[in-house]
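Asker: Sharing a structure here in structure tokens format.
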Amino acid sequence: MYCVRKITEDLYWVGGSDRRLALFENIHPIPRGVSYNSYLLMDEKTVLFDTVDWSICRQFIENIKSVLKGKTLDYLVINHMEPDHAACIEEIILRYPDVKIICTKKASMLMHQFEFNVEGEVIEVKEGDNMSFGKHNLTFVAAPMVHWPEAMVTFDTTNGVLFSADAFGSFGSLDGQLFNDEVNFDRDWIDEARRYYTNIVGKYGPHVQNLLKKAGTLDIKIICPLHGPVWHSDLGYLLDKYDKWSRYEPEEKGVMIVYGTMYGNTEAAANDLATRLVEKGMKNVVMYDVSKTHVSYLISETFKYSNVVLASVTYNLKIYPPMLNYINDMKALNLQKRTFTLIENGSWAPQSGKLMRELLGEMKEMTILDNEISLNSSMKEDDVDLMDDIAESIIGSMK
Ligand code: FEO
């Protein structure tokens with residue numbers, strides 16, 4: 001059975017959701033699923049924007065058929081060649097053999113790398129090229145590294161619709177609701193949108209900034225991303241989030257305490273610090289056990305908060321492995337501009353504080369506060385004054 005939504009008088013959402021997949025890109029947990037969005041424009045010529053992941057291909061084909069109502073498909077615009085959107089290109093060509101594929105030169109190259117049989121079907125476009133399909137005129141805008149090098153976005157100058165590829169997307173299935181104002185985005189979606197952005201595109205902040213600059217010159221009315229809700233109101237809310245995330249500016253003044261504990265003693269020290277912070281007036285405090293929280297959630301929260309406390313045991317004379325993985329991921333994603341406090345623990349040769357300091361020192365614009373603490377197996381009464389000073393220094397750094 002088909003399942004489509006009308007976006008404008010002649011534009012339809014023909015995507016679908018996957019609620020069975022456990023790991024997006026086989027790495028990021030998606031307990032709320034994910035949608036793969038595709039759009040079909042019914043102009044004098046018919047134009048499909050991107051395809052979907054293989055997992056929902058059958059639904060996708062039924063959706064397209066229901067909208068085309070016997071017409072043929074004339075064009076397929078490929079904004080992004082990653083297989084979660086491009087997997088069904090060959091299936092489309094099989095069913096609509098006269099379809100022409102519009103994409104960048106790099107996307108065409110990737111199609112060959114993925115061994116898609118698109119011989120003779122491709123029209124290559126570049127930044128600033130325009131095409132008309134009847135009433136609608138499309139202009140193509142390069143968006144390299146948002147999130148692969150071949151990516152572009154497509155702007156419909158006739159009605160202000162931006163087909164934004166991975167930009168402005170989110171994890172989460174679409175449960176009947178397609179538009180941003182059909183959900184409570186700030187309550188129910190923002191955390192998954194942030195986790196999607198920071199883990200998938202987070203590394204490429206300067207490229208996202210370039211795209212935002214280009215977007216600022218367009219009269220955008222509707223944003224149609226490849227994942228998550230379609231935006232047709234309150235665009236400023238989303239653009240502001242993207243601006244902050246891509247400049248690596250925190251959204252909130254607050255303290256995220258991430259602890260790596262083996263027997264609960266480092267956790268107890270983290271609890272003590274959290275309590276002192278709250279008692280001193282900093283109530284925006286969150287705590288995460290690094291062993292129990294998937295790193296994609298830690299990354300997302302690290303993009304959100306201004307201050308981070310890393311409390312780690314020493315393990316084989318190194319940083320506790322899950323903590324090391326988290327810090328390395330931060331570095332890989334180019335995270336910047338955070339203020340850190342370090343707590344180390346070790347029963348005979350504590351090392352984790354020094355090693356974490358070195359690692360954070362290799363990252364851009366990270367501040368590491370001087371006040372830190374080295375625990376021997378557990379926090380004791382003698383450590384109380386030092387922990388109090390640490391809480392004071394964190395609050396002081398936020399002023
Ligand atoms: Fe949703 Fe970069 O693919």
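Identifiers in the structure tokens: chain A, B, ... in order shown; residue index from 1 per chain; ligand index from 1 in order shown.
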Which residues of chain A have any atom within 12 Å of an atom in ligand 1 when counting only C-alpha atoms and all ligand atoms, and what is the closest pair of atoms for each, with the distance in Å to one decimal? Order the rows by chain and rising number and write it as JSON lines.
Answerer:
{"residue": "A:Phe24", "atom": "CA", "partner": "ligand 1", "partner_atom_place_in_ligand_line": "1 (Fe)", "distance": 9.2}
{"residue": "A:Glu25", "atom": "CA", "partner": "ligand 1", "partner_atom_place_in_ligand_line": "3 (O)", "distance": 8.8}
{"residue": "A:Val34", "atom": "CA", "partner": "ligand 1", "partner_atom_place_in_ligand_line": "1 (Fe)", "distance": 9.7}
{"residue": "A:Ser35", "atom": "CA", "partner": "ligand 1", "partner_atom_place_in_ligand_line": "1 (Fe)", "distance": 9.3}
{"residue": "A:Tyr36", "atom": "CA", "partner": "ligand 1", "partner_atom_place_in_ligand_line": "1 (Fe)", "distance": 7.6}
{"residue": "A:Asn37", "atom": "CA", "partner": "ligand 1", "partner_atom_place_in_ligand_line": "1 (Fe)", "distance": 9.3}
{"residue": "A:Ser38", "atom": "CA", "partner": "ligand 1", "partner_atom_place_in_ligand_line": "1 (Fe)", "distance": 11.3}
{"residue": "A:Asp50", "atom": "CA", "partner": "ligand 1", "partner_atom_place_in_ligand_line": "1 (Fe)", "distance": 10.6}
{"residue": "A:Thr51", "atom": "CA", "partner": "ligand 1", "partner_atom_place_in_ligand_line": "1 (Fe)", "distance": 10.8}
{"residue": "A:Val52", "atom": "CA", "partner": "ligand 1", "partner_atom_place_in_ligand_line": "1 (Fe)", "distance": 9.2}
{"residue": "A:Asp53", "atom": "CA", "partner": "ligand 1", "partner_atom_place_in_ligand_line": "1 (Fe)", "distance": 9.0}
{"residue": "A:Ile78", "atom": "CA", "partner": "ligand 1", "partner_atom_place_in_ligand_line": "3 (O)", "distance": 11.7}
{"residue": "A:Asn79", "atom": "CA", "partner": "ligand 1", "partner_atom_place_in_ligand_line": "3 (O)", "distance": 10.1}
{"residue": "A:His80", "atom": "CA", "partner": "ligand 1", "partner_atom_place_in_ligand_line": "2 (Fe)", "distance": 6.8}
{"residue": "A:Met81", "atom": "CA", "partner": "ligand 1", "partner_atom_place_in_ligand_line": "3 (O)", "distance": 7.6}
{"residue": "A:Glu82", "atom": "CA", "partner": "ligand 1", "partner_atom_place_in_ligand_line": "3 (O)", "distance": 5.0}
{"residue": "A:Pro83", "atom": "CA", "partner": "ligand 1", "partner_atom_place_in_ligand_line": "3 (O)", "distance": 7.1}
{"residue": "A:Asp84", "atom": "CA", "partner": "ligand 1", "partner_atom_place_in_ligand_line": "1 (Fe)", "distance": 5.6}
{"residue": "A:His85", "atom": "CA", "partner": "ligand 1", "partner_atom_place_in_ligand_line": "1 (Fe)", "distance": 6.3}
{"residue": "A:Ala86", "atom": "CA", "partner": "ligand 1", "partner_atom_place_in_ligand_line": "3 (O)", "distance": 8.9}
{"residue": "A:Ala87", "atom": "CA", "partner": "ligand 1", "partner_atom_place_in_ligand_line": "3 (O)", "distance": 10.9}
{"residue": "A:Ala143", "atom": "CA", "partner": "ligand 1", "partner_atom_place_in_ligand_line": "2 (Fe)", "distance": 11.8}
{"residue": "A:Pro144", "atom": "CA", "partner": "ligand 1", "partner_atom_place_in_ligand_line": "2 (Fe)", "distance": 11.2}
{"residue": "A:Met145", "atom": "CA", "partner": "ligand 1", "partner_atom_place_in_ligand_line": "2 (Fe)", "distance": 9.1}
{"residue": "A:Val146", "atom": "CA", "partner": "ligand 1", "partner_atom_place_in_ligand_line": "2 (Fe)", "distance": 7.5}
{"residue": "A:His147", "atom": "CA", "partner": "ligand 1", "partner_atom_place_in_ligand_line": "2 (Fe)", "distance": 5.2}
{"residue": "A:Trp148", "atom": "CA", "partner": "ligand 1", "partner_atom_place_in_ligand_line": "2 (Fe)", "distance": 6.4}
{"residue": "A:Pro149", "atom": "CA", "partner": "ligand 1", "partner_atom_place_in_ligand_line": "2 (Fe)", "distance": 10.0}
{"residue": "A:Glu150", "atom": "CA", "partner": "ligand 1", "partner_atom_place_in_ligand_line": "2 (Fe)", "distance": 10.3}
{"residue": "A:Ala151", "atom": "CA", "partner": "ligand 1", "partner_atom_place_in_ligand_line": "2 (Fe)", "distance": 8.6}
{"residue": "A:Met152", "atom": "CA", "partner": "ligand 1", "partner_atom_place_in_ligand_line": "2 (Fe)", "distance": 11.4}
{"residue": "A:Ser164", "atom": "CA", "partner": "ligand 1", "partner_atom_place_in_ligand_line": "1 (Fe)", "distance": 10.9}
{"residue": "A:Ala165", "atom": "CA", "partner": "ligand 1", "partner_atom_place_in_ligand_line": "1 (Fe)", "distance": 7.5}
{"residue": "A:Asp166", "atom": "CA", "partner": "ligand 1", "partner_atom_place_in_ligand_line": "1 (Fe)", "distance": 5.3}
{"residue": "A:Ala167", "atom": "CA", "partner": "ligand 1", "partner_atom_place_in_ligand_line": "1 (Fe)", "distance": 8.9}
{"residue": "A:Phe168", "atom": "CA", "partner": "ligand 1", "partner_atom_place_in_ligand_line": "1 (Fe)", "distance": 10.6}
{"residue": "A:Gly169", "atom": "CA", "partner": "ligand 1", "partner_atom_place_in_ligand_line": "1 (Fe)", "distance": 8.1}
{"residue": "A:Ser170", "atom": "CA", "partner": "ligand 1", "partner_atom_place_in_ligand_line": "1 (Fe)", "distance": 9.2}
{"residue": "A:Phe171", "atom": "CA", "partner": "ligand 1", "partner_atom_place_in_ligand_line": "1 (Fe)", "distance": 9.5}
{"residue": "A:Tyr196", "atom": "CA", "partner": "ligand 1", "partner_atom_place_in_ligand_line": "1 (Fe)", "distance": 9.4}
{"residue": "A:Tyr197", "atom": "CA", "partner": "ligand 1", "partner_atom_place_in_ligand_line": "2 (Fe)", "distance": 10.3}
{"residue": "A:Asn199", "atom": "CA", "partner": "ligand 1", "partner_atom_place_in_ligand_line": "2 (Fe)", "distance": 10.9}
{"residue": "A:Ile200", "atom": "CA", "partner": "ligand 1", "partner_atom_place_in_ligand_line": "2 (Fe)", "distance": 7.2}
{"residue": "A:Val201", "atom": "CA", "partner": "ligand 1", "partner_atom_place_in_ligand_line": "2 (Fe)", "distance": 8.0}
{"residue": "A:Gly202", "atom": "CA", "partner": "ligand 1", "partner_atom_place_in_ligand_line": "2 (Fe)", "distance": 11.8}
{"residue": "A:Pro225", "atom": "CA", "partner": "ligand 1", "partner_atom_place_in_ligand_line": "1 (Fe)", "distance": 9.2}
{"residue": "A:Leu226", "atom": "CA", "partner": "ligand 1", "partner_atom_place_in_ligand_line": "1 (Fe)", "distance": 6.3}
{"residue": "A:His227", "atom": "CA", "partner": "ligand 1", "partner_atom_place_in_ligand_line": "1 (Fe)", "distance": 6.7}
{"residue": "A:Gly228", "atom": "CA", "partner": "ligand 1", "partner_atom_place_in_ligand_line": "1 (Fe)", "distance": 10.2}
Asker: Residues within 7 Å of Thr339 in chain A, please, as number ranges by chain. Count only C-alpha atoms; anything in the same chain fewer than 3 positions from it doesn't count.
Answerer: A: 306-308, 366-368
Asker: Just asking: which residues within range 130-294 of chain A are helix (DSSP H, G or I) according to DSSP, as number ranges by chain?
Answerer: A: 180-182, 185-215, 235-246, 265-279
Asker: To one decimal in Å, tell me the separation between CA of Met256 in chain A and CA of His294 in chain A.
Answerer: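 Spanning CA of Met256 in chain A to CA of His294 in chain A is a straight-line distance of 15.0 Å.
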Asker: Determine, counting only C-alpha atoms, which protein, DNA and RNA residues have an atom within 10 Å of an atom of Leu355 in chain A; residues of the same chain fewer than 3 positions away are not included. Present the result as a list in words.
Answerer: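 In the requested format, the answer is Thr314, Leu317, Lys318, Ile319, Leu324, Glu344, Pro350, Gln351, Ser352, Glu358, Leu359, Leu360 and Gly361 of chain A.
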Asker: The selected residues should be written to file as a PDB file, in the first residue's frame (atoms: C-alpha atoms).
Answerer:
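For reference, part.pdb as written:
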ATOM      1  CA  THR A 314      43.627   4.834  34.763  1.00  0.00           C
ATOM      2  CA  LEU A 317      48.515   2.976  32.574  1.00  0.00           C
ATOM      3  CA  LYS A 318      46.326   4.688  29.937  1.00  0.00           C
ATOM      4  CA  ILE A 319      43.006   6.491  29.726  1.00  0.00           C
ATOM      5  CA  LEU A 324      39.643   7.359  25.131  1.00  0.00           C
ATOM      6  CA  GLU A 344      41.822  11.298  37.315  1.00  0.00           C
ATOM      7  CA  PRO A 350      47.355   7.559  38.074  1.00  0.00           C
ATOM      8  CA  GLN A 351      48.007   8.704  34.500  1.00  0.00           C
ATOM      9  CA  SER A 352      44.654   9.455  32.936  1.00  0.00           C
ATOM     10  CA  GLU A 358      47.683  15.998  26.210  1.00  0.00           C
ATOM     11  CA  LEU A 359      44.935  14.689  23.947  1.00  0.00           C
ATOM     12  CA  LEU A 360      42.658  17.689  24.467  1.00  0.00           C
ATOM     13  CA  GLY A 361      45.662  19.942  23.841  1.00  0.00           C
TER      14      GLY A 361
END
Asker: If I take CA of Thr139 in chain A and CA of Lys126 in chain A, how far is one from the other in Å, to one decimal?
Answerer: 9.4 Å
Asker: Check which residues of range 302-396 of chain A sit at most 12 Å from range 280-289 of chain A using only C-alpha atoms, and return one row each with the closest pair of atoms and their distance in Å to one decimal, ordered by chain and rising number, as a tab-separated table.
Answerer:
residue	atom	partner	partner_atom	distance
A:Thr302	CA	A:Val286	CA	10.6
A:Lys304	CA	A:Val286	CA	11.1
A:Tyr305	CA	A:Asn284	CA	9.1
A:Ser306	CA	A:Asn284	CA	10.5
A:Asn307	CA	A:Val285	CA	9.5
A:Val308	CA	A:Val286	CA	9.7
A:Val309	CA	A:Met287	CA	9.3
A:Leu310	CA	A:Tyr288	CA	10.0
A:Ala311	CA	A:Asp289	CA	9.8
A:Ser312	CA	A:Asp289	CA	10.3
A:Tyr320	CA	A:Asp289	CA	12.0
A:Pro322	CA	A:Asp289	CA	9.7
A:Met323	CA	A:Asp289	CA	9.5
A:Tyr326	CA	A:Asp289	CA	11.4
A:Asp388	CA	A:Lys280	CA	9.7
A:Asp389	CA	A:Lys280	CA	11.4
A:Ile390	CA	A:Lys280	CA	11.7
A:Ala391	CA	A:Lys280	CA	8.0
A:Glu392	CA	A:Lys280	CA	8.0
A:Ser393	CA	A:Lys280	CA	11.3
A:Ile394	CA	A:Met282	CA	9.4
A:Ile395	CA	A:Met282	CA	7.1
A:Gly396	CA	A:Met282	CA	10.6
Asker: Residues at most 12 Å from Leu238 in chain A, counting only C-alpha atoms, excluding those fewer than 4 positions away in the same chain, as a PyMOL selection string?
Answerer: chain A and resi 167-170+180+185-186+189-190+193-194+197+212+222-223+225+229-234+242-245
Asker: Using DSSP secondary structure from the backbone, list all strand (DSSP E) positions within range 318-384 of chain A, as number ranges by chain.
Answerer: A: 318-319, 339-346, 367-368, 373-376
Asker: Put those residues in a file: C-alpha atoms, as a short mmCIF file (atom, residue, chain, number, x, y, z; two decimals), in the first residue's frame.
Answerer:
data_model
loop_
_atom_site.label_atom_id
_atom_site.label_comp_id
_atom_site.auth_asym_id
_atom_site.auth_seq_id
_atom_site.Cartn_x
_atom_site.Cartn_y
_atom_site.Cartn_z
CA LYS A 318 46.33 4.69 29.94
CA ILE A 319 43.01 6.49 29.73
CA THR A 339 36.00 24.24 28.60
CA PHE A 340 37.20 21.06 30.30
CA THR A 341 37.89 19.99 33.85
CA LEU A 342 39.79 16.79 34.56
CA ILE A 343 39.47 14.25 37.35
CA GLU A 344 41.82 11.30 37.32
CA ASN A 345 41.80 8.20 39.46
CA GLY A 346 44.38 5.45 39.87
CA THR A 367 40.33 25.39 27.40
CA ILE A 368 41.46 23.09 30.20
CA ILE A 373 42.21 16.47 41.07
CA SER A 374 44.11 13.19 41.24
CA LEU A 375 42.41 10.54 43.34
CA ASN A 376 44.02 7.45 44.81
#
